[in-house]
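One structure is given here, and the rest of the page talks about it.
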Amino acid sequence: MEDGLCITAVGFLPFVFLFLIEFKLTHSRNKMNSTSTHFVPSRRMDIYEPIHQMTMWGDFKENNCEDLSPPMILEIEGKLDNQSEETSHGTVGPSSNDQEASRRPDKVQRRLAQNREAARKSRLRKKAYVQQLESSKLKLIQLEQELGRARQQGLCAGGGLDTSQLGYSETINPGITAFEMEYGHWVEEQNIQISDLRNALQSNVGDMELSILIERVLKHYADLFAMKATAARIDVFYLMSGMWKTSAERFFLWIGGFRPSELLKVLLPHLEPMSEQQHFEVCNLRQNCQQAEDAFSQGMEKLRYIVAEAVGAGRLGEGNYLPQITAAIEKLEALVRFVGQADHLRQETLQQISRILEPPQAARGLLALGEYLQRLRALSSLWSSRPCEPT
Amino acid sequence: MQQTLPYKDWFADTASAGGTRGSSNPPPGFNDYASVSRMVTENAVIVFARKDCCMCHVVKLLLHGHGVNPTVFDVDEANENDVVNELSRIIGVDGSGNANRPQFPAVFVGGEIFGGLEEVMGAHISGELVPRLREAGALWL
C-alpha cells in the first residue's frame, strides 16, 4: 500500500508520453530518477469539500493520506496498483536506466502493463472527479435559487417591497423564524395533500375515503390558522405584511390571508355539476362572505383612523411624542384580534363549503383551491427569476 | 321598512347617537344593575360595545347588513367593570375570574347571550343568523 511521497520520474520517454496524455503523474517504482518537477500540490479530494477548494484535478486518493504535507511542492501523491514488489516509500531508488527495455523485455512488458493499468485508473478517477464537479455545480445553483427566494421574501434586510412601509428592523425574532419554518413544512404537507386528492379523484375512490381526505385538508387549514394566531401575538405587523408568503400571494392579501369571496369566485366553475339548491347555497355563501369582508374592511378603516388619531395627538412638531406612540401601540393590539377573526371567517367559509357539497364535489373544490394557490406560488417563482431589464 | 344607519357613520358615532333610532327610550346608560337586565330582556337584539372598538363596529355593520337595527349599549371606562360583572351574572358565568368574563362586543338576541364577533360571524356564514334574528322578532322579512 502506497502511502508516501515520491518523486516522479519524468525523464523517461514512455512515461513522459503518458504524462502528457494524462496530465497526471504516474508513479513507477521501477524507475526512480532524481529528476523532479514542481507541481501544484494536490490535495485529497473530498466530496464534501466546498467548491472553491478544488484545485487542479490531479490525484485524489480514496484512502486517507494524512501524512501529506502540503507545502512541499515536490511531493506528489500517487495511487498505485499494488502489485509492485519494488521499493516505494518516498525514496528515490537508484537510477534504473540500465533496466531499460533492451535488457529485460518481460520486465518492460510488465512495466508497460502497469502503466496502462495506472492510466486506466487515472481515467476513472478523472471521470469521478468530473461527475463530482457537476453535482456540486447543481447544488450551487440550487443554493443560489434558495437564497434568491429567501431574499425576495425579506429574510435578509432590504429585501421586498414592504420594508419601508413597515420599518422592519434587521433583528429577526426567533419566534418569527420558527413560524417561517413551520409554514414551510405546512406548504410541503399541503402539496402532498393536493396530490393525494388528485390521485383519489382520478382513481374514483368512494365517498368515505374522500371524506377522510377532505377532513384532513380542513384540519390542515385549521393548523395554519393556529400557527398564524401564535405569530400574530409575536409580531402582528409581520403577519399582516405577508412577507412569509410569496409575492403573488401578497398581491391578493387581505387582512393577512386570502379573501374568501375571491376564492369562491375562482372555485365556482370547478364545483359543477351542482344541484340548483347547491348552486343557490354557494352563491349565498359568496354573498355572505362579501358582506362579512366589507364589514371587516370598514372595521380596519376605523382602526387605522383611531391609530392615526393617536399617533398625531397633541401638538405635532414639538419633538416629544413618546406618550402618543405608546397610546397608539395600545390601540394596535386590536389588530391581533382582527387577524384572528379574519382567519375565523376563512375557516368558517371552508367548513360551509364542505357542508353544502357532496364529498366528490367538495374534494374537487379543495383540489382546485390547492392548485390555484400552487399556481400563485409558481407565478412568484417565475417572477423572481426573470432577467432584469437593463436600464 | 326599518331605517338603517349609513355605513360610514362612525365619525359621528357618539355615545347617545349609536343605534337608538327607533327606540323611544333615553340613551342607554348604566343607571343601575336593573337597567342592564331590563335592556337585555326588552330588546330583540342588543349589542354591548366599547366606544372606539373596531370589533364592535364590525358586529354592528354585520347586523345592519341584515336589516337589523340593534340597540347599542355604549360601554365606557367608567362603567365597564360593572357592566361586565352584571353581564356575567345574566349569562350565568363566574365573572370574577378572568377566563370567562364576557368580552366586547357582547351580543344578546331574544334576551339570551348570542356571543361575540366570532359567534355572530360564524352564524352569518353558516346561515343560522337570519333565522335566529327572525325568531327574536328583530326581522320581519
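Residue numbering restarts at 1 for every chain of the C-alpha cells, chains are lettered A, B, ... in their displayed order, and ligands are numbered from 1 as they appear.
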
At a cut-off of 12 Å, can you tabulate as JSON lines every residue of chain A near chain B together with its closest atom pair and the distance in Å to one decimal, using only C-alpha atoms and ordering rows by chain then number?
```
{"residue": "A:Pro260", "atom": "CA", "partner": "B:Ile125", "partner_atom": "CA", "distance": 11.0}
{"residue": "A:Ser261", "atom": "CA", "partner": "B:Ile125", "partner_atom": "CA", "distance": 11.4}
{"residue": "A:Glu281", "atom": "CA", "partner": "B:Gly127", "partner_atom": "CA", "distance": 9.4}
{"residue": "A:Val282", "atom": "CA", "partner": "B:Ile125", "partner_atom": "CA", "distance": 10.8}
{"residue": "A:Cys283", "atom": "CA", "partner": "B:Ile125", "partner_atom": "CA", "distance": 11.8}
{"residue": "A:Asn284", "atom": "CA", "partner": "B:Gly127", "partner_atom": "CA", "distance": 8.8}
{"residue": "A:Leu285", "atom": "CA", "partner": "B:Ile125", "partner_atom": "CA", "distance": 6.5}
{"residue": "A:Arg286", "atom": "CA", "partner": "B:Ile125", "partner_atom": "CA", "distance": 9.0}
{"residue": "A:Gln287", "atom": "CA", "partner": "B:Ile125", "partner_atom": "CA", "distance": 9.3}
{"residue": "A:Asn288", "atom": "CA", "partner": "B:Ile125", "partner_atom": "CA", "distance": 6.0}
{"residue": "A:Cys289", "atom": "CA", "partner": "B:Ile125", "partner_atom": "CA", "distance": 6.8}
{"residue": "A:Gln290", "atom": "CA", "partner": "B:Ile125", "partner_atom": "CA", "distance": 10.2}
{"residue": "A:Gln291", "atom": "CA", "partner": "B:Leu62", "partner_atom": "CA", "distance": 7.2}
{"residue": "A:Ala292", "atom": "CA", "partner": "B:Leu62", "partner_atom": "CA", "distance": 6.6}
{"residue": "A:Glu293", "atom": "CA", "partner": "B:Val58", "partner_atom": "CA", "distance": 9.5}
{"residue": "A:Asp294", "atom": "CA", "partner": "B:Leu61", "partner_atom": "CA", "distance": 8.7}
{"residue": "A:Ala295", "atom": "CA", "partner": "B:Val58", "partner_atom": "CA", "distance": 5.1}
{"residue": "A:Phe296", "atom": "CA", "partner": "B:Val58", "partner_atom": "CA", "distance": 5.8}
{"residue": "A:Ser297", "atom": "CA", "partner": "B:Val58", "partner_atom": "CA", "distance": 8.6}
{"residue": "A:Gln298", "atom": "CA", "partner": "B:Val58", "partner_atom": "CA", "distance": 7.3}
{"residue": "A:Gly299", "atom": "CA", "partner": "B:Cys54", "partner_atom": "CA", "distance": 5.1}
{"residue": "A:Met300", "atom": "CA", "partner": "B:Cys54", "partner_atom": "CA", "distance": 7.1}
{"residue": "A:Glu301", "atom": "CA", "partner": "B:Cys54", "partner_atom": "CA", "distance": 8.8}
{"residue": "A:Lys302", "atom": "CA", "partner": "B:Cys54", "partner_atom": "CA", "distance": 6.3}
{"residue": "A:Leu303", "atom": "CA", "partner": "B:Cys54", "partner_atom": "CA", "distance": 6.0}
{"residue": "A:Arg304", "atom": "CA", "partner": "B:Cys54", "partner_atom": "CA", "distance": 9.7}
{"residue": "A:Tyr305", "atom": "CA", "partner": "B:Phe11", "partner_atom": "CA", "distance": 9.7}
{"residue": "A:Ile306", "atom": "CA", "partner": "B:Asp52", "partner_atom": "CA", "distance": 7.5}
{"residue": "A:Val307", "atom": "CA", "partner": "B:Asp52", "partner_atom": "CA", "distance": 10.6}
{"residue": "A:Glu309", "atom": "CA", "partner": "B:Asp52", "partner_atom": "CA", "distance": 11.5}
{"residue": "A:Ala310", "atom": "CA", "partner": "B:Asp52", "partner_atom": "CA", "distance": 11.8}
{"residue": "A:Lys331", "atom": "CA", "partner": "B:Cys53", "partner_atom": "CA", "distance": 9.2}
{"residue": "A:Leu332", "atom": "CA", "partner": "B:Cys54", "partner_atom": "CA", "distance": 10.6}
{"residue": "A:Glu333", "atom": "CA", "partner": "B:Cys54", "partner_atom": "CA", "distance": 11.1}
{"residue": "A:Ala334", "atom": "CA", "partner": "B:Cys54", "partner_atom": "CA", "distance": 7.6}
{"residue": "A:Leu335", "atom": "CA", "partner": "B:Cys54", "partner_atom": "CA", "distance": 9.3}
{"residue": "A:Val336", "atom": "CA", "partner": "B:Met55", "partner_atom": "CA", "distance": 11.1}
{"residue": "A:Arg337", "atom": "CA", "partner": "B:Met55", "partner_atom": "CA", "distance": 8.1}
{"residue": "A:Phe338", "atom": "CA", "partner": "B:Met55", "partner_atom": "CA", "distance": 7.4}
{"residue": "A:Val339", "atom": "CA", "partner": "B:Met55", "partner_atom": "CA", "distance": 11.1}
{"residue": "A:Gly340", "atom": "CA", "partner": "B:Glu118", "partner_atom": "CA", "distance": 9.3}
{"residue": "A:Gln341", "atom": "CA", "partner": "B:Glu118", "partner_atom": "CA", "distance": 6.5}
{"residue": "A:Ala342", "atom": "CA", "partner": "B:Glu118", "partner_atom": "CA", "distance": 9.5}
{"residue": "A:Asp343", "atom": "CA", "partner": "B:Glu118", "partner_atom": "CA", "distance": 10.4}
{"residue": "A:His344", "atom": "CA", "partner": "B:Glu118", "partner_atom": "CA", "distance": 7.3}
{"residue": "A:Leu345", "atom": "CA", "partner": "B:Met121", "partner_atom": "CA", "distance": 6.9}
{"residue": "A:Arg346", "atom": "CA", "partner": "B:Ile125", "partner_atom": "CA", "distance": 9.9}
{"residue": "A:Gln347", "atom": "CA", "partner": "B:Gly122", "partner_atom": "CA", "distance": 9.3}
{"residue": "A:Glu348", "atom": "CA", "partner": "B:Gly122", "partner_atom": "CA", "distance": 6.3}
{"residue": "A:Thr349", "atom": "CA", "partner": "B:Ile125", "partner_atom": "CA", "distance": 6.7}
{"residue": "A:Leu350", "atom": "CA", "partner": "B:Ile125", "partner_atom": "CA", "distance": 10.1}
{"residue": "A:Gln351", "atom": "CA", "partner": "B:Ser126", "partner_atom": "CA", "distance": 8.7}
{"residue": "A:Gln352", "atom": "CA", "partner": "B:Ser126", "partner_atom": "CA", "distance": 6.2}
{"residue": "A:Ile353", "atom": "CA", "partner": "B:Ser126", "partner_atom": "CA", "distance": 9.6}
{"residue": "A:Ser354", "atom": "CA", "partner": "B:Ser126", "partner_atom": "CA", "distance": 11.3}
{"residue": "A:Arg355", "atom": "CA", "partner": "B:Ser126", "partner_atom": "CA", "distance": 9.2}
{"residue": "A:Ile356", "atom": "CA", "partner": "B:Ser126", "partner_atom": "CA", "distance": 9.8}
```

Fewer than 2 positions away in the same chain doesn't count, so skip those; otherwise give me all residues within 9 Å of Ser37 in chain B, counting only C-alpha atoms, as an mmCIF file with N, CA, C and O atoms, in the first residue's frame.
```
data_model
loop_
_atom_site.group_PDB
_atom_site.id
_atom_site.type_symbol
_atom_site.label_atom_id
_atom_site.label_comp_id
_atom_site.auth_asym_id
_atom_site.auth_seq_id
_atom_site.Cartn_x
_atom_site.Cartn_y
_atom_site.Cartn_z
ATOM 1 N N TYR B 33 -78.083 48.323 38.175
ATOM 2 C CA TYR B 33 -77.958 46.959 37.660
ATOM 3 C C TYR B 33 -79.215 46.528 36.925
ATOM 4 O O TYR B 33 -79.155 45.782 35.968
ATOM 5 N N ALA B 34 -80.311 47.001 37.415
ATOM 6 C CA ALA B 34 -81.583 46.559 36.835
ATOM 7 C C ALA B 34 -81.698 46.964 35.376
ATOM 8 O O ALA B 34 -82.261 46.245 34.566
ATOM 9 N N SER B 35 -81.141 48.137 35.059
ATOM 10 C CA SER B 35 -81.331 48.622 33.699
ATOM 11 C C SER B 35 -80.654 47.709 32.681
ATOM 12 O O SER B 35 -81.167 47.520 31.579
ATOM 13 N N MET B 39 -82.742 45.925 29.783
ATOM 14 C CA MET B 39 -82.459 46.142 28.365
ATOM 15 C C MET B 39 -82.223 44.841 27.638
ATOM 16 O O MET B 39 -82.593 44.710 26.470
ATOM 17 N N VAL B 40 -81.609 43.901 28.321
ATOM 18 C CA VAL B 40 -81.388 42.611 27.677
ATOM 19 C C VAL B 40 -82.717 41.959 27.346
ATOM 20 O O VAL B 40 -82.912 41.410 26.255
ATOM 21 N N THR B 41 -83.648 42.019 28.301
ATOM 22 C CA THR B 41 -84.901 41.331 28.058
ATOM 23 C C THR B 41 -85.824 42.100 27.135
ATOM 24 O O THR B 41 -86.588 41.512 26.384
ATOM 25 N N GLU B 42 -85.713 43.426 27.188
ATOM 26 C CA GLU B 42 -86.663 44.221 26.400
ATOM 27 C C GLU B 42 -86.309 44.301 24.930
ATOM 28 O O GLU B 42 -87.177 44.534 24.088
ATOM 29 N N GLU B 86 -72.224 42.581 35.651
ATOM 30 C CA GLU B 86 -73.657 42.363 35.506
ATOM 31 C C GLU B 86 -73.948 41.376 34.375
ATOM 32 O O GLU B 86 -74.789 40.499 34.479
ATOM 33 N N LEU B 87 -73.232 41.531 33.291
ATOM 34 C CA LEU B 87 -73.433 40.613 32.175
ATOM 35 C C LEU B 87 -73.060 39.186 32.573
ATOM 36 O O LEU B 87 -73.745 38.229 32.207
ATOM 37 N N ILE B 90 -75.899 37.779 34.371
ATOM 38 C CA ILE B 90 -77.013 37.432 33.493
ATOM 39 C C ILE B 90 -76.722 36.147 32.737
ATOM 40 O O ILE B 90 -77.565 35.267 32.611
ATOM 41 N N GLY B 111 -83.109 38.116 24.299
ATOM 42 C CA GLY B 111 -82.918 38.016 25.741
ATOM 43 C C GLY B 111 -81.833 37.054 26.157
ATOM 44 O O GLY B 111 -81.537 36.916 27.347
#
```

- Item | Distance query Gly110 in chain B at most 7 Å, only C-alpha atoms, self and fewer than 4 positions along chain excluded, as a ChimeraX atom specification | /B:44-45,136

Please save C-alpha atoms of the selected residues as a CSV table (one decimal), in the first residue's frame.
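After the write, out-v4.csv holds the following:
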```csv
chain,number,residue,atom,x,y,z
B,44,ALA,CA,-84.7,41.8,20.5
B,45,VAL,CA,-81.1,42.5,19.7
B,136,ALA,CA,-86.4,37.0,18.2
```

- Message: Please list as a ChimeraX atom specification every residue within 9 Å of range 181-198 of chain A, counting only C-alpha atoms and excluding residues in the same chain fewer than 5 positions away.
- Response: /A:176,203,210,213-214,216-217,220-221,223-224,227,244,363-364,366-368,370-371,374

- Please measure the separation of CA of Ala378 in chain A and CA of Ala248 in chain A, giving the value in Å to one decimal. 8.8 Å

- Backbone-only DSSP, helix (DSSP H, G or I) members of range 18-141 of chain B, as a VMD selection string: chain B and resid 33 to 42 54 to 65 80 to 91 117 to 126 129 to 135

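We find CA of Ala106 in chain B and CA of Gly92 in chain B to be spaced 14.1 Å apart.
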
- Between CA of Arg89 in chain B and CA of Arg101 in chain B, what is the spacing in Å? 10.1 Å

- Message: When you look at Met240 in chain A with a cut-off of 7 Å (counting only C-alpha atoms), what residues show up, excluding the ones that are within fewer than 3 positions of it in the same chain? I need them as a list in words.
- Response: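 In the requested form, the answer reads Val236, Phe237, Ile255 and Gly256 of chain A.
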